[in-house]
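Next up, target20.cif (mmCIF, C-alpha atoms):
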```cif
data_data
loop_
_atom_site.label_atom_id
_atom_site.label_comp_id
_atom_site.auth_asym_id
_atom_site.auth_seq_id
_atom_site.Cartn_x
_atom_site.Cartn_y
_atom_site.Cartn_z
CA MET X 26 -6.24 -33.85 -42.89
CA LYS X 27 -3.59 -35.08 -40.45
CA GLN X 28 -1.98 -31.66 -40.56
CA ARG X 29 -5.26 -29.99 -39.65
CA ILE X 30 -5.77 -32.34 -36.72
CA ALA X 31 -2.22 -31.77 -35.55
CA GLY X 32 -2.68 -28.01 -35.81
CA ALA X 33 -5.91 -28.14 -33.88
CA ALA X 34 -4.31 -30.30 -31.22
CA ILE X 35 -1.42 -27.87 -30.83
CA ALA X 36 -3.83 -24.95 -30.55
CA ILE X 37 -5.86 -26.75 -27.89
CA LEU X 38 -2.74 -27.66 -25.93
CA MET X 39 -1.46 -24.08 -26.10
CA THR X 40 -4.79 -22.70 -24.93
CA ALA X 41 -4.91 -25.18 -22.09
CA GLY X 42 -1.35 -24.34 -21.15
CA ILE X 43 -2.05 -20.62 -21.09
CA ALA X 44 -5.20 -21.17 -19.04
CA ALA X 45 -3.34 -23.39 -16.60
CA THR X 46 -0.61 -20.78 -16.21
CA ALA X 47 -3.16 -18.05 -15.56
CA GLN X 48 -4.96 -20.26 -13.03
CA ALA X 49 -1.68 -21.00 -11.25
CA ALA X 50 -0.91 -17.29 -11.11
CA ASP X 51 -4.35 -16.61 -9.64
CA ASP X 52 -3.87 -19.35 -7.06
CA ALA X 53 -0.49 -17.95 -6.09
CA ALA X 54 -1.97 -14.48 -5.72
CA VAL X 55 -4.77 -15.78 -3.49
CA ARG X 56 -2.31 -17.78 -1.38
CA LYS X 57 -0.11 -14.70 -0.98
CA ASP X 58 -3.12 -12.54 -0.10
CA LEU X 59 -4.32 -15.01 2.52
CA PHE X 60 -0.85 -15.46 3.97
CA THR X 61 -0.52 -11.67 4.31
CA VAL X 62 -3.90 -11.46 6.03
CA ILE X 63 -2.99 -14.23 8.47
CA THR X 64 0.32 -12.63 9.36
CA LEU X 65 -1.27 -9.16 9.67
CA GLN X 66 -3.51 -10.70 12.35
CA GLY X 67 -0.37 -11.90 14.12
CA LEU X 68 -1.15 -15.58 13.60
CA PRO X 69 1.40 -18.24 12.73
CA CYS X 70 1.40 -19.83 9.32
CA GLY X 71 4.78 -20.07 7.61
CA GLU X 72 3.30 -20.38 4.16
CA VAL X 73 -0.12 -21.04 2.70
CA VAL X 74 0.14 -24.30 0.82
CA SER X 75 -3.46 -24.83 -0.22
CA VAL X 76 -6.69 -22.91 -0.41
CA THR X 77 -10.28 -24.01 -0.54
CA THR X 78 -12.56 -21.26 -1.73
CA LYS X 79 -16.07 -21.47 -0.32
CA ALA X 80 -17.36 -18.19 -1.70
CA GLU X 81 -16.13 -14.79 -2.71
CA ASN X 82 -13.83 -13.56 0.07
CA ASP X 83 -14.41 -16.77 2.00
CA HIS X 84 -11.55 -19.26 2.08
CA ILE X 85 -10.03 -22.07 4.07
CA ALA X 86 -6.26 -21.76 4.06
CA SER X 87 -3.93 -24.57 5.02
CA CYS X 88 -0.50 -23.57 6.20
CA LYS X 89 2.81 -25.32 5.90
CA ASP X 90 3.07 -25.55 9.70
CA GLY X 91 -0.21 -27.47 9.87
CA ASN X 92 -2.47 -24.61 10.91
CA ARG X 93 -5.76 -24.15 9.10
CA TYR X 94 -7.68 -20.91 9.04
CA HIS X 95 -11.12 -19.86 7.91
CA ILE X 96 -10.73 -16.40 6.42
CA PHE X 97 -13.77 -14.41 5.46
CA VAL X 98 -15.30 -10.96 5.45
CA ASN X 99 -18.11 -10.68 7.98
CA ALA X 100 -21.27 -8.61 7.71
CA ALA X 101 -19.54 -5.65 9.33
CA GLY X 102 -16.94 -5.61 6.60
CA ARG X 103 -14.14 -6.92 8.75
CA VAL X 104 -11.76 -9.65 7.71
CA VAL X 105 -12.04 -12.48 10.20
CA VAL X 106 -9.39 -15.17 10.60
CA GLU X 107 -10.66 -18.16 12.58
CA LYS X 108 -8.34 -20.99 13.52
CA GLN X 109 -9.89 -24.31 12.55
CA MET J 22 -12.86 -2.41 -4.61
CA ARG J 23 -13.44 1.33 -4.63
CA VAL J 24 -14.61 1.18 -1.04
CA ILE J 25 -11.45 -0.62 -0.02
CA ALA J 26 -9.25 1.87 -1.73
CA ILE J 27 -11.11 4.78 -0.23
CA ALA J 28 -10.95 3.21 3.19
CA LEU J 29 -7.23 2.76 2.90
CA LEU J 30 -7.03 6.41 2.20
CA PHE J 31 -7.81 7.08 5.84
CA LEU J 32 -4.22 6.23 6.40
CA VAL J 33 -3.27 9.25 4.45
CA ALA J 34 -6.41 11.23 4.99
CA GLY J 35 -4.43 14.17 6.17
CA CYS J 36 -3.10 14.57 2.72
CA ALA J 37 -6.44 15.99 1.69
CA THR J 38 -5.38 19.31 3.05
CA ILE J 39 -1.98 19.19 1.53
CA PRO J 40 -1.69 21.28 -1.57
CA PRO J 41 -0.64 19.50 -4.70
CA PRO J 42 3.07 18.95 -4.75
CA ALA J 43 5.04 21.72 -6.23
CA PRO J 44 6.72 20.80 -9.45
CA VAL J 45 10.09 19.36 -8.73
CA PRO J 46 12.79 20.84 -10.86
CA ARG J 47 14.06 18.24 -13.20
CA PRO J 48 17.72 17.95 -13.80
CA ALA J 49 17.06 17.51 -17.50
CA ALA J 50 15.18 20.79 -17.63
CA LYS J 51 17.98 22.64 -15.94
CA ALA J 52 19.47 25.43 -17.91
CA PRO J 53 22.75 24.60 -19.47
CA GLN J 54 25.65 25.23 -17.19
CA PRO J 55 27.36 28.47 -18.02
CA SER J 56 30.85 28.13 -19.23
CA PRO J 57 33.52 28.93 -16.68
CA ALA J 58 33.72 32.61 -15.94
CA PRO J 59 36.24 34.46 -17.97
CA PRO J 60 39.29 35.51 -16.01
CA GLN J 61 38.42 39.21 -16.18
CA GLN J 62 35.15 38.67 -14.25
CA THR J 63 35.37 39.24 -10.55
CA ALA J 64 34.63 36.15 -8.54
CA LYS J 65 31.86 36.24 -5.93
CA PRO J 66 33.06 33.98 -3.17
CA ASN J 67 29.92 34.38 -1.03
CA VAL J 68 27.49 33.31 -3.73
CA VAL J 69 26.41 29.72 -3.28
CA ALA J 70 25.56 27.84 -6.41
CA PRO J 71 21.91 26.81 -6.45
CA THR J 72 21.48 23.14 -5.70
CA VAL J 73 19.06 21.09 -7.70
CA ALA J 74 16.66 19.24 -5.44
CA LYS J 75 16.65 15.49 -5.76
CA PRO J 76 13.43 14.22 -7.30
CA ALA J 77 12.31 12.64 -4.03
CA ALA J 78 8.74 11.36 -3.66
CA ALA J 79 6.51 14.30 -2.82
CA PRO J 80 3.61 13.96 -0.38
CA LEU J 81 0.53 12.62 -2.10
CA ASN J 82 -2.79 14.35 -2.32
CA LEU J 83 -5.96 12.41 -1.68
CA THR J 84 -7.02 12.01 -5.27
CA THR J 85 -3.66 10.79 -6.40
CA LEU J 86 -3.37 8.35 -3.55
CA GLU J 87 -6.84 6.97 -4.16
CA ALA J 88 -5.97 6.30 -7.76
CA ARG J 89 -2.64 4.78 -6.85
CA LEU J 90 -4.11 2.47 -4.21
CA LYS J 91 -6.96 1.45 -6.46
CA GLY J 92 -4.56 0.63 -9.22
CA THR J 93 -1.87 -1.16 -7.33
CA ASN J 94 -1.61 -4.90 -7.65
CA ALA J 95 0.87 -5.12 -4.82
CA ILE J 96 -1.86 -5.79 -2.25
CA GLY J 97 -4.63 -8.34 -2.54
CA VAL J 98 -8.26 -7.56 -1.86
CA LEU J 99 -8.41 -9.24 1.55
CA THR J 100 -5.18 -7.57 2.57
CA LYS J 101 -6.64 -4.20 1.64
CA ILE J 102 -9.74 -4.90 3.71
CA THR J 103 -7.60 -6.02 6.64
CA LEU J 104 -5.53 -2.85 6.46
CA LYS J 105 -8.71 -0.79 6.20
CA ASN J 106 -9.96 -2.48 9.38
CA GLN J 107 -6.72 -1.65 11.16
CA VAL J 108 -6.80 1.96 9.94
CA ASP J 109 -10.40 2.24 11.17
CA ASP J 110 -9.35 0.85 14.55
CA LEU J 111 -6.55 3.38 14.81
CA LEU J 112 -8.89 6.24 13.90
CA ASP J 113 -11.32 4.99 16.56
CA ASP J 114 -8.47 5.07 19.07
CA PHE J 115 -7.70 8.67 18.12
CA ARG J 116 -11.36 9.64 18.51
CA ALA J 117 -11.48 8.00 21.93
CA TYR J 118 -8.21 9.66 22.89
CA TYR J 119 -9.46 13.13 22.03
CA LYS J 120 -12.67 12.43 23.93
CA GLY J 121 -10.62 11.43 26.96
CA LYS J 122 -11.95 7.89 26.83
CA LEU J 123 -8.66 6.21 26.03
CA LYS J 124 -5.95 5.75 28.61
CA ALA J 125 -3.22 5.50 26.01
CA THR J 126 -0.87 8.39 25.47
CA LEU J 127 -0.13 10.16 22.22
CA ALA J 128 3.20 8.31 22.20
CA ASP J 129 1.29 5.02 22.27
CA LEU J 130 -0.83 6.14 19.35
CA ARG J 131 2.30 7.23 17.51
CA ARG J 132 3.70 3.74 18.00
CA SER J 133 0.52 2.19 16.58
CA PHE J 134 0.59 4.61 13.67
CA ASP J 135 4.23 3.81 12.93
CA MET J 136 3.55 0.09 13.03
CA LEU J 137 0.65 0.44 10.63
CA VAL J 138 2.66 2.54 8.22
CA LEU J 139 5.46 0.00 8.41
CA LYS J 140 3.05 -2.77 7.53
CA VAL J 141 1.80 -0.86 4.51
CA LEU J 142 5.31 0.01 3.41
CA SER J 143 6.53 -3.55 3.80
CA LEU J 144 3.66 -4.75 1.66
CA LEU J 145 4.30 -2.19 -1.06
CA GLN J 146 8.02 -1.69 -1.12
CA ASP J 147 8.85 -4.65 -3.33
CA SER J 148 5.88 -4.70 -5.67
CA ASP J 149 5.09 -0.99 -5.86
CA PRO J 150 8.15 0.89 -4.63
CA SER J 151 7.08 4.24 -6.00
CA LEU J 152 3.80 4.15 -4.06
CA ALA J 153 5.69 3.03 -0.97
CA ALA J 154 8.05 5.97 -1.36
CA ALA J 155 5.15 8.37 -1.81
CA ILE J 156 3.43 7.10 1.33
CA ALA J 157 6.69 7.30 3.25
CA ALA J 158 7.05 10.90 2.11
CA SER J 159 3.51 11.61 3.33
CA ARG J 160 4.06 10.00 6.70
CA ASP J 161 4.88 13.15 8.68
CA ALA J 162 2.05 15.07 7.06
CA ILE J 163 -0.40 12.34 8.02
CA TRP J 164 0.85 12.28 11.58
CA GLY J 165 0.56 16.05 11.66
CA ILE J 166 -3.13 15.71 10.96
CA LEU J 167 -3.78 12.84 13.32
CA SER J 168 -1.95 14.42 16.24
CA ASP J 169 -3.73 17.75 15.90
CA PRO J 170 -7.25 17.59 17.41
CA ALA J 171 -8.53 20.42 15.23
CA LYS J 172 -7.17 18.93 12.02
CA PHE J 173 -8.27 15.44 13.02
CA ALA J 174 -11.81 16.65 13.64
CA ALA J 175 -11.89 17.97 10.10
CA ILE J 176 -11.18 14.57 8.55
#
```

Turn this file's structure into structure tokens for me.
Amino acid sequence: MKQRIAGAAIAILMTAGIAATAQAADDAAVRKDLFTVITLQGLPCGEVVSVTTKAENDHIASCKDGNRYHIFVNAAGRVVVEKQ
Amino acid sequence: MRVIAIALLFLVAGCATIPPPAPVPRPAAKAPQPSPAPPQQTAKPNVVAPTVAKPAAAPLNLTTLEARLKGTNAIGVLTKITLKNQVDDLLDDFRAYYKGKLKATLADLRRSFDMLVLKVLSLLQDSDPSLAAAIAASRDAIWGILSDPAKFAAI
């Protein structure tokens, strides 16, 4: 019985670990994407350190240098970067 | 996603008229080197040995590029949309230029084009170097289309 519980616990931990790794990779990809967008607009950032996602293609990015940007796709299909 | 990829293709829209790349001779497929000529054969000093072309990236055609851009993970979705916006802006500038409504010169447009290509290449070169090389190889062909009013009108 103890062995079964231990096995289940290990499986749960492994699944959680894999999920956490995948989530971290996704977060890193989003941060990189947003950083690229900010720099393509010629705006200062340094590095995106945190992201708050409001909706699909609608984010608030906080930069290492203290700048915050609202990045979203408007109705015309253009990516807009607004300094907060 | 498909729209983004297609939009990015405007950057290389001129490639639509480029015929599919000719097959590049592969060194592996080369015929075995003949053994050195026997001494009794007369040498032909003026004959230049055929050189095997390096397998450099050939210009892309539209279909190939669309597939490559759709498939690449080197650029995020928002980055692709941003680049699409900038490509659209550049194409608008060309339209205005050919209509005589833009005061910029062709050299100015060339500078904008070069900057945009550089942005794309810098985004791709580390994560998708083969696509970056293919776009770089298509660069002159694209400019050839953009800078020719007749070809540009056909885009």

Pull the closest atom pair for each residue of chain J that gets at most 7 Å from chain X, along with the distance in Å to one decimal, counting all atoms listed in the file, ordering rows by chain and then ascending residue number, as CSV.
```
residue,atom,partner,partner_atom,distance
J:Gly97,CA,X:Asp58,CA,5.1
J:Leu99,CA,X:Asp58,CA,6.4
J:Thr100,CA,X:Val62,CA,5.4
J:Ile102,CA,X:Val104,CA,6.5
J:Thr103,CA,X:Val104,CA,5.6
J:Asn106,CA,X:Arg103,CA,6.1
```

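The gap separating CA of Ile96 in chain J from CA of Asp135 in chain J is 19.0 Å, in Å to one decimal.
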
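With CA of Leu90 in chain J on one side and CA of Ala53 in chain X on the other, the separation reads 20.8 Å.
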
Could you tell me which residues the PyMOL selection byres ((chain J and resi 142) around 12) returns for this structure, as a PyMOL selection string? chain J and resi 32+95-96+104+135-141+143-160

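For the pair CA of Gly121 in chain J and CA of Pro170 in chain J, the separation is 11.9 Å.
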
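You can rank X:Glu81, X:Asp52, X:Thr64, X:Cys70 by their closest distance to Asn99 in chain X using all atoms listed in the file, and at the top of that list sits X:Glu81.
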
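Considering all atoms listed in the file, the residue among J:Asp110, J:Ser168, J:Thr93, J:Lys105 positioned nearest to Ala128 in chain J is J:Ser168.
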
Might you pull out every residue within 12 Å of Gly91 in chain X, with only C-alpha atoms counted and same-chain residues fewer than 4 positions away left off, and present them as a PyMOL selection string? chain X and resi 69-75+86-87+108-109
